[in-house]
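Visitor: A single structure is presented below for examination.
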Amino acid sequence: MKFCLLGAFLLIGMLALPNTIAAKNQSMEDKLFTEAKEQWKRGRQVDDQALKTLDKAIKLNPKRAEFYTLKAQWLWNLEDDDKLGLESAEKAIALNPVVAYPWLLKAKFLGRLNRNKEALSAVNTAITLSPEAHCYYDKAQLLKKMGQYKEAENNLDTALKIKPEDIDSLSVRADLRMQSKNYKGVLADTDTAMKTNLAPMITVHRRMLLLRAEAYRQLKDYGRARKCYEDALRLFNSDRTVASSAQKFFAETGDKEMVQRLQAKLKQLDSDIVPLGM
């Protein structure tokens, strides 16, 4: 029995030995890199500390492209220093120009800095390197910002061919289709979106319902439009945008009772008194 136990302990020790050696051989910059990522996971209160730790790793080894990529990603999320974020993305590209994600980050920062033509060039490079749905989505957002709506919609078409149920792409394409008065297209996109669980995505869920309501209104299908507004009022009971949009619809359709109730709701919302229910 003692021999068996001894053998088991020896076996466990032998199996653990490679991990122990790997831990000892891990470079200091890798340890700092891991520590920075762990700090970032803890939330906003330690974001600055995570960046400082990452900078220590970069100082020890400034030739690691993934260090700069992560720094650029974090700076994008923080919306704090777009010039530094752009610089970090460009350093990652200089070290490894065949990876798509740093190019995409570069395009994002350039877009936020209103350097749109440069951003378009960068996102095109990202697509060449990795033609994934999120790359086409980012390009569409940039084209939309530049007023090139048809081209933006074409890129969303491509994104949705790759990833048919992508909520972000469906939401933006529905907006574009509303602008171009393609109401049946709006209903198709919002219908696909509504079949997923939108409950955690409050802003998107609200937008989908309001777009559906407006599309039905434009198609003169007032019964379905009313149902969308009723659903929106039930789900977003304290949302002024929903109440205001619904009030206009019910005024147009001559429902005086609903108009009065919504006027009272809007008055309460403007007074910061949240009603318990309709």
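Quick note on naming: the chains in the structure tokens go A, B, ... in the order shown, residues restart at 1 in each chain, and ligands are numbered from 1 in order of appearance.
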Near Ile167 (chain A), counting only C-alpha atoms, which residues have an atom at most 12 Å away, once you skip same-chain residues fewer than 4 positions from it, shown as a list in words?
Guide: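 Surrounding residues, per the criterion: Ala133, His134, Tyr137, Leu156, Ala159, Leu160, Lys163, Ser171, Val172, Arg173, Ala174, Asp189, Thr190, Asp191, Thr192, Ala193, Met194, Lys195, Thr196, Asn197, Leu198, Met201, Thr203, Val204, His205, Arg207 and Met208 of chain A.
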Visitor: Go ahead and dump the residues you just picked, N, CA and C atoms, as a PDB file, in the first residue's frame.
Guide:
```pdb
ATOM      1  N   ALA A 133     -16.780  38.963 -40.669  1.00  0.00           N
ATOM      2  CA  ALA A 133     -17.993  39.782 -40.577  1.00  0.00           C
ATOM      3  C   ALA A 133     -17.751  41.100 -39.857  1.00  0.00           C
ATOM      4  N   HIS A 134     -17.010  41.059 -38.734  1.00  0.00           N
ATOM      5  CA  HIS A 134     -16.834  42.292 -37.956  1.00  0.00           C
ATOM      6  C   HIS A 134     -16.011  43.330 -38.711  1.00  0.00           C
ATOM      7  N   TYR A 137     -18.471  44.982 -40.962  1.00  0.00           N
ATOM      8  CA  TYR A 137     -19.344  45.823 -40.124  1.00  0.00           C
ATOM      9  C   TYR A 137     -18.655  47.147 -39.805  1.00  0.00           C
ATOM     10  N   LEU A 156     -22.674  45.674 -45.128  1.00  0.00           N
ATOM     11  CA  LEU A 156     -23.470  44.951 -44.137  1.00  0.00           C
ATOM     12  C   LEU A 156     -24.077  43.688 -44.739  1.00  0.00           C
ATOM     13  N   ALA A 159     -21.340  41.247 -44.506  1.00  0.00           N
ATOM     14  CA  ALA A 159     -21.167  40.811 -43.113  1.00  0.00           C
ATOM     15  C   ALA A 159     -22.232  39.797 -42.731  1.00  0.00           C
ATOM     16  N   LEU A 160     -23.462  40.036 -43.171  1.00  0.00           N
ATOM     17  CA  LEU A 160     -24.569  39.152 -42.796  1.00  0.00           C
ATOM     18  C   LEU A 160     -24.589  37.855 -43.601  1.00  0.00           C
ATOM     19  N   LYS A 163     -22.159  36.079 -41.307  1.00  0.00           N
ATOM     20  CA  LYS A 163     -22.721  35.857 -39.965  1.00  0.00           C
ATOM     21  C   LYS A 163     -24.175  36.345 -39.977  1.00  0.00           C
ATOM     22  N   SER A 171     -28.985  45.627 -36.951  1.00  0.00           N
ATOM     23  CA  SER A 171     -29.481  46.890 -36.419  1.00  0.00           C
ATOM     24  C   SER A 171     -29.101  48.067 -37.317  1.00  0.00           C
ATOM     25  N   VAL A 172     -27.843  48.116 -37.729  1.00  0.00           N
ATOM     26  CA  VAL A 172     -27.386  49.234 -38.568  1.00  0.00           C
ATOM     27  C   VAL A 172     -28.026  49.155 -39.948  1.00  0.00           C
ATOM     28  N   ARG A 173     -28.143  47.932 -40.504  1.00  0.00           N
ATOM     29  CA  ARG A 173     -28.763  47.814 -41.825  1.00  0.00           C
ATOM     30  C   ARG A 173     -30.237  48.206 -41.771  1.00  0.00           C
ATOM     31  N   ALA A 174     -30.925  47.859 -40.674  1.00  0.00           N
ATOM     32  CA  ALA A 174     -32.320  48.272 -40.530  1.00  0.00           C
ATOM     33  C   ALA A 174     -32.443  49.795 -40.524  1.00  0.00           C
ATOM     34  N   ASP A 189     -35.108  42.622 -41.330  1.00  0.00           N
ATOM     35  CA  ASP A 189     -33.945  42.684 -40.429  1.00  0.00           C
ATOM     36  C   ASP A 189     -34.363  42.661 -38.965  1.00  0.00           C
ATOM     37  N   THR A 190     -35.388  43.428 -38.631  1.00  0.00           N
ATOM     38  CA  THR A 190     -35.817  43.471 -37.233  1.00  0.00           C
ATOM     39  C   THR A 190     -36.460  42.153 -36.813  1.00  0.00           C
ATOM     40  N   ASP A 191     -37.120  41.493 -37.749  1.00  0.00           N
ATOM     41  CA  ASP A 191     -37.711  40.186 -37.440  1.00  0.00           C
ATOM     42  C   ASP A 191     -36.624  39.178 -37.090  1.00  0.00           C
ATOM     43  N   THR A 192     -35.559  39.164 -37.881  1.00  0.00           N
ATOM     44  CA  THR A 192     -34.426  38.266 -37.593  1.00  0.00           C
ATOM     45  C   THR A 192     -33.818  38.600 -36.236  1.00  0.00           C
ATOM     46  N   ALA A 193     -33.643  39.895 -35.975  1.00  0.00           N
ATOM     47  CA  ALA A 193     -33.048  40.320 -34.708  1.00  0.00           C
ATOM     48  C   ALA A 193     -33.931  39.932 -33.528  1.00  0.00           C
ATOM     49  N   MET A 194     -35.243  40.112 -33.678  1.00  0.00           N
ATOM     50  CA  MET A 194     -36.160  39.861 -32.566  1.00  0.00           C
ATOM     51  C   MET A 194     -36.284  38.377 -32.224  1.00  0.00           C
ATOM     52  N   LYS A 195     -35.832  37.523 -33.104  1.00  0.00           N
ATOM     53  CA  LYS A 195     -35.884  36.085 -32.828  1.00  0.00           C
ATOM     54  C   LYS A 195     -34.746  35.649 -31.903  1.00  0.00           C
ATOM     55  N   THR A 196     -33.796  36.541 -31.668  1.00  0.00           N
ATOM     56  CA  THR A 196     -32.721  36.259 -30.724  1.00  0.00           C
ATOM     57  C   THR A 196     -33.101  36.859 -29.373  1.00  0.00           C
ATOM     58  N   ASN A 197     -32.300  36.592 -28.373  1.00  0.00           N
ATOM     59  CA  ASN A 197     -32.573  37.128 -27.036  1.00  0.00           C
ATOM     60  C   ASN A 197     -32.007  38.539 -26.928  1.00  0.00           C
ATOM     61  N   LEU A 198     -32.857  39.517 -27.179  1.00  0.00           N
ATOM     62  CA  LEU A 198     -32.418  40.911 -27.125  1.00  0.00           C
ATOM     63  C   LEU A 198     -32.573  41.531 -25.737  1.00  0.00           C
ATOM     64  N   MET A 201     -29.785  43.450 -24.239  1.00  0.00           N
ATOM     65  CA  MET A 201     -29.332  44.580 -25.055  1.00  0.00           C
ATOM     66  C   MET A 201     -30.468  45.592 -25.147  1.00  0.00           C
ATOM     67  N   THR A 203     -30.856  48.877 -25.403  1.00  0.00           N
ATOM     68  CA  THR A 203     -30.900  49.916 -26.433  1.00  0.00           C
ATOM     69  C   THR A 203     -31.263  49.334 -27.783  1.00  0.00           C
ATOM     70  N   VAL A 204     -30.647  48.202 -28.132  1.00  0.00           N
ATOM     71  CA  VAL A 204     -30.933  47.566 -29.420  1.00  0.00           C
ATOM     72  C   VAL A 204     -32.369  47.054 -29.462  1.00  0.00           C
ATOM     73  N   HIS A 205     -32.815  46.430 -28.386  1.00  0.00           N
ATOM     74  CA  HIS A 205     -34.177  45.894 -28.316  1.00  0.00           C
ATOM     75  C   HIS A 205     -35.204  47.014 -28.520  1.00  0.00           C
ATOM     76  N   ARG A 207     -34.709  49.883 -29.974  1.00  0.00           N
ATOM     77  CA  ARG A 207     -34.585  50.394 -31.351  1.00  0.00           C
ATOM     78  C   ARG A 207     -35.285  49.485 -32.348  1.00  0.00           C
ATOM     79  N   MET A 208     -35.152  48.176 -32.171  1.00  0.00           N
ATOM     80  CA  MET A 208     -35.796  47.239 -33.083  1.00  0.00           C
ATOM     81  C   MET A 208     -37.317  47.388 -33.059  1.00  0.00           C
TER      82      MET A 208
END
```
Visitor: Which residues are close to Tyr183 (chain A), i.e. within 8 Å by only C-alpha atoms, leaving aside same-chain residues fewer than 3 positions away? Reply as a list in words.
Guide: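 Listed by chain and then number, they are Arg177, Met178, Val186, Leu187, Ala215, Tyr216, Gln218 and Leu219 of chain A.
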Visitor: Put those residues in a file: C-alpha atoms, as a compact mmCIF listing (two decimals), in the first residue's frame.
Guide:
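After the write, selection14.txt holds the following:
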```txt
# COMPACT_ATOMS: atom_id res chain seq x y z
CA ARG A 177 -33.08 50.64 -44.90
CA MET A 178 -35.40 52.96 -43.00
CA VAL A 186 -36.56 46.95 -42.15
CA LEU A 187 -39.17 44.39 -41.09
CA ALA A 215 -42.09 50.49 -40.81
CA TYR A 216 -45.61 49.17 -40.21
CA GLN A 218 -45.34 53.68 -43.23
CA LEU A 219 -46.92 50.57 -44.78
```
Visitor: Enumerate, in order of chain and increasing residue number, the residues of region 134-238 of chain A with an atom no farther than 9 Å from region 251-275 of chain A, each with its shortest atom pair and distance in Å to one decimal, counting only C-alpha atoms, as CSV.
Guide:
```
residue,atom,partner,partner_atom,distance
A:Tyr222,CA,A:Thr253,CA,8.0
A:Asn237,CA,A:Pro275,CA,8.1
A:Ser238,CA,A:Val274,CA,6.3
```
Visitor: Using only C-alpha atoms, which residues sit within 9 Å of Leu142 (chain A) once same-chain residues fewer than 4 positions away are excluded, as a compact mmCIF listing (two decimals) with N, CA and C atoms, in the first residue's frame?
Guide:
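The file below, around.txt, is the result:
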```txt
# COMPACT_ATOMS: atom_id res chain seq x y z
N ALA A 107 -7.96 51.60 -37.90
CA ALA A 107 -9.09 52.21 -38.60
C ALA A 107 -10.08 52.84 -37.62
N LYS A 108 -10.32 52.16 -36.50
CA LYS A 108 -11.25 52.68 -35.49
C LYS A 108 -10.76 54.01 -34.93
N GLY A 111 -10.93 56.76 -37.52
CA GLY A 111 -12.31 57.19 -37.69
C GLY A 111 -12.75 58.12 -36.57
N ASN A 116 -11.05 60.02 -41.97
CA ASN A 116 -11.88 58.95 -42.51
C ASN A 116 -11.26 58.23 -43.71
N ALA A 119 -8.74 55.94 -42.45
CA ALA A 119 -9.43 54.85 -41.76
C ALA A 119 -9.96 53.83 -42.76
N LEU A 120 -10.50 54.31 -43.87
CA LEU A 120 -11.04 53.41 -44.90
C LEU A 120 -9.93 52.55 -45.49
N TYR A 137 -18.47 44.98 -40.96
CA TYR A 137 -19.34 45.82 -40.12
C TYR A 137 -18.65 47.15 -39.80
N ASP A 138 -17.39 47.09 -39.41
CA ASP A 138 -16.66 48.32 -39.09
C ASP A 138 -16.53 49.22 -40.32
N MET A 146 -19.45 58.59 -43.32
CA MET A 146 -19.01 59.41 -44.46
C MET A 146 -20.16 59.75 -45.40
N GLY A 147 -21.36 59.26 -45.08
CA GLY A 147 -22.52 59.56 -45.92
C GLY A 147 -22.68 58.65 -47.13
N GLN A 148 -21.88 57.59 -47.19
CA GLN A 148 -21.95 56.65 -48.32
C GLN A 148 -22.86 55.48 -47.93
N ALA A 152 -22.33 51.42 -47.56
CA ALA A 152 -22.39 50.91 -46.18
C ALA A 152 -23.32 49.71 -46.13
```
Visitor: Can you work out which one of A:Arg44, A:Lys220, A:Lys150, A:Lys139 has the shortest atom-to-atom distance to Trp103 (chain A), counting only C-alpha atoms?
Guide: A:Lys139
Visitor: Measuring atom to atom with only C-alpha atoms, identify which of A:Glu118, A:Glu79, A:Glu66, A:Asp221 is nearest to Lys91 (chain A).
Guide: A:Glu66
Visitor: Tell me, in Å to one decimal, how far CA of Arg224 (chain A) is from CA of Asn154 (chain A).
Guide: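 About the pair CA of Arg224 (chain A) and CA of Asn154 (chain A): they are 28.8 Å apart.
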Visitor: Mind checking which residues fall within 10 Å of Asn61 (chain A), counting only C-alpha atoms, ignoring those fewer than 3 positions away in the same chain, and posting them as a PDB file with N, CA and C atoms, in the first residue's frame?
Guide:
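And here's result12.pdb as it stands now:
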```pdb
ATOM      1  N   SER A  27       9.292  34.422 -18.916  1.00  0.00           N
ATOM      2  CA  SER A  27      10.016  35.688 -18.858  1.00  0.00           C
ATOM      3  C   SER A  27       9.276  36.690 -17.986  1.00  0.00           C
ATOM      4  N   MET A  28      10.009  37.684 -17.519  1.00  0.00           N
ATOM      5  CA  MET A  28       9.393  38.695 -16.671  1.00  0.00           C
ATOM      6  C   MET A  28       8.338  39.474 -17.439  1.00  0.00           C
ATOM      7  N   GLU A  29       8.564  39.752 -18.743  1.00  0.00           N
ATOM      8  CA  GLU A  29       7.556  40.493 -19.496  1.00  0.00           C
ATOM      9  C   GLU A  29       6.268  39.688 -19.675  1.00  0.00           C
ATOM     10  N   ASP A  30       6.421  38.351 -19.793  1.00  0.00           N
ATOM     11  CA  ASP A  30       5.227  37.501 -19.886  1.00  0.00           C
ATOM     12  C   ASP A  30       4.450  37.510 -18.567  1.00  0.00           C
ATOM     13  N   ASP A  55       2.602  48.563 -19.684  1.00  0.00           N
ATOM     14  CA  ASP A  55       3.715  49.414 -20.118  1.00  0.00           C
ATOM     15  C   ASP A  55       5.057  48.897 -19.589  1.00  0.00           C
ATOM     16  N   LYS A  56       5.042  48.322 -18.379  1.00  0.00           N
ATOM     17  CA  LYS A  56       6.276  47.728 -17.833  1.00  0.00           C
ATOM     18  C   LYS A  56       6.722  46.540 -18.693  1.00  0.00           C
ATOM     19  N   ALA A  57       5.751  45.740 -19.132  1.00  0.00           N
ATOM     20  CA  ALA A  57       6.069  44.603 -20.003  1.00  0.00           C
ATOM     21  C   ALA A  57       6.636  45.094 -21.328  1.00  0.00           C
ATOM     22  N   ILE A  58       6.035  46.153 -21.867  1.00  0.00           N
ATOM     23  CA  ILE A  58       6.510  46.728 -23.135  1.00  0.00           C
ATOM     24  C   ILE A  58       7.923  47.270 -22.982  1.00  0.00           C
ATOM     25  N   ARG A  64       7.324  43.050 -28.922  1.00  0.00           N
ATOM     26  CA  ARG A  64       6.201  42.124 -28.879  1.00  0.00           C
ATOM     27  C   ARG A  64       4.939  42.814 -29.406  1.00  0.00           C
ATOM     28  N   ALA A  65       4.522  42.441 -30.608  1.00  0.00           N
ATOM     29  CA  ALA A  65       3.378  43.081 -31.255  1.00  0.00           C
ATOM     30  C   ALA A  65       2.101  42.940 -30.433  1.00  0.00           C
ATOM     31  N   PHE A  67       1.668  42.960 -27.313  1.00  0.00           N
ATOM     32  CA  PHE A  67       1.608  43.916 -26.206  1.00  0.00           C
ATOM     33  C   PHE A  67       0.956  45.219 -26.681  1.00  0.00           C
TER      34      PHE A  67
END
```
Visitor: Tell me, as JSON, numbers by chain, which residues lie within 12 Å of Pro97 (chain A), counting only C-alpha atoms; anything in the same chain fewer than 6 positions away does not count.
Guide: {"A": [65, 66, 69, 89, 90, 91, 103, 104, 106, 122, 125, 126, 128, 129]}
Visitor: Mind giving me the straight-line distance from CA of Gln73 (chain A) to CA of Ile127 (chain A) in Å, one decimal?
Guide: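 Between CA of Gln73 (chain A) and CA of Ile127 (chain A) the gap is 18.0 Å.
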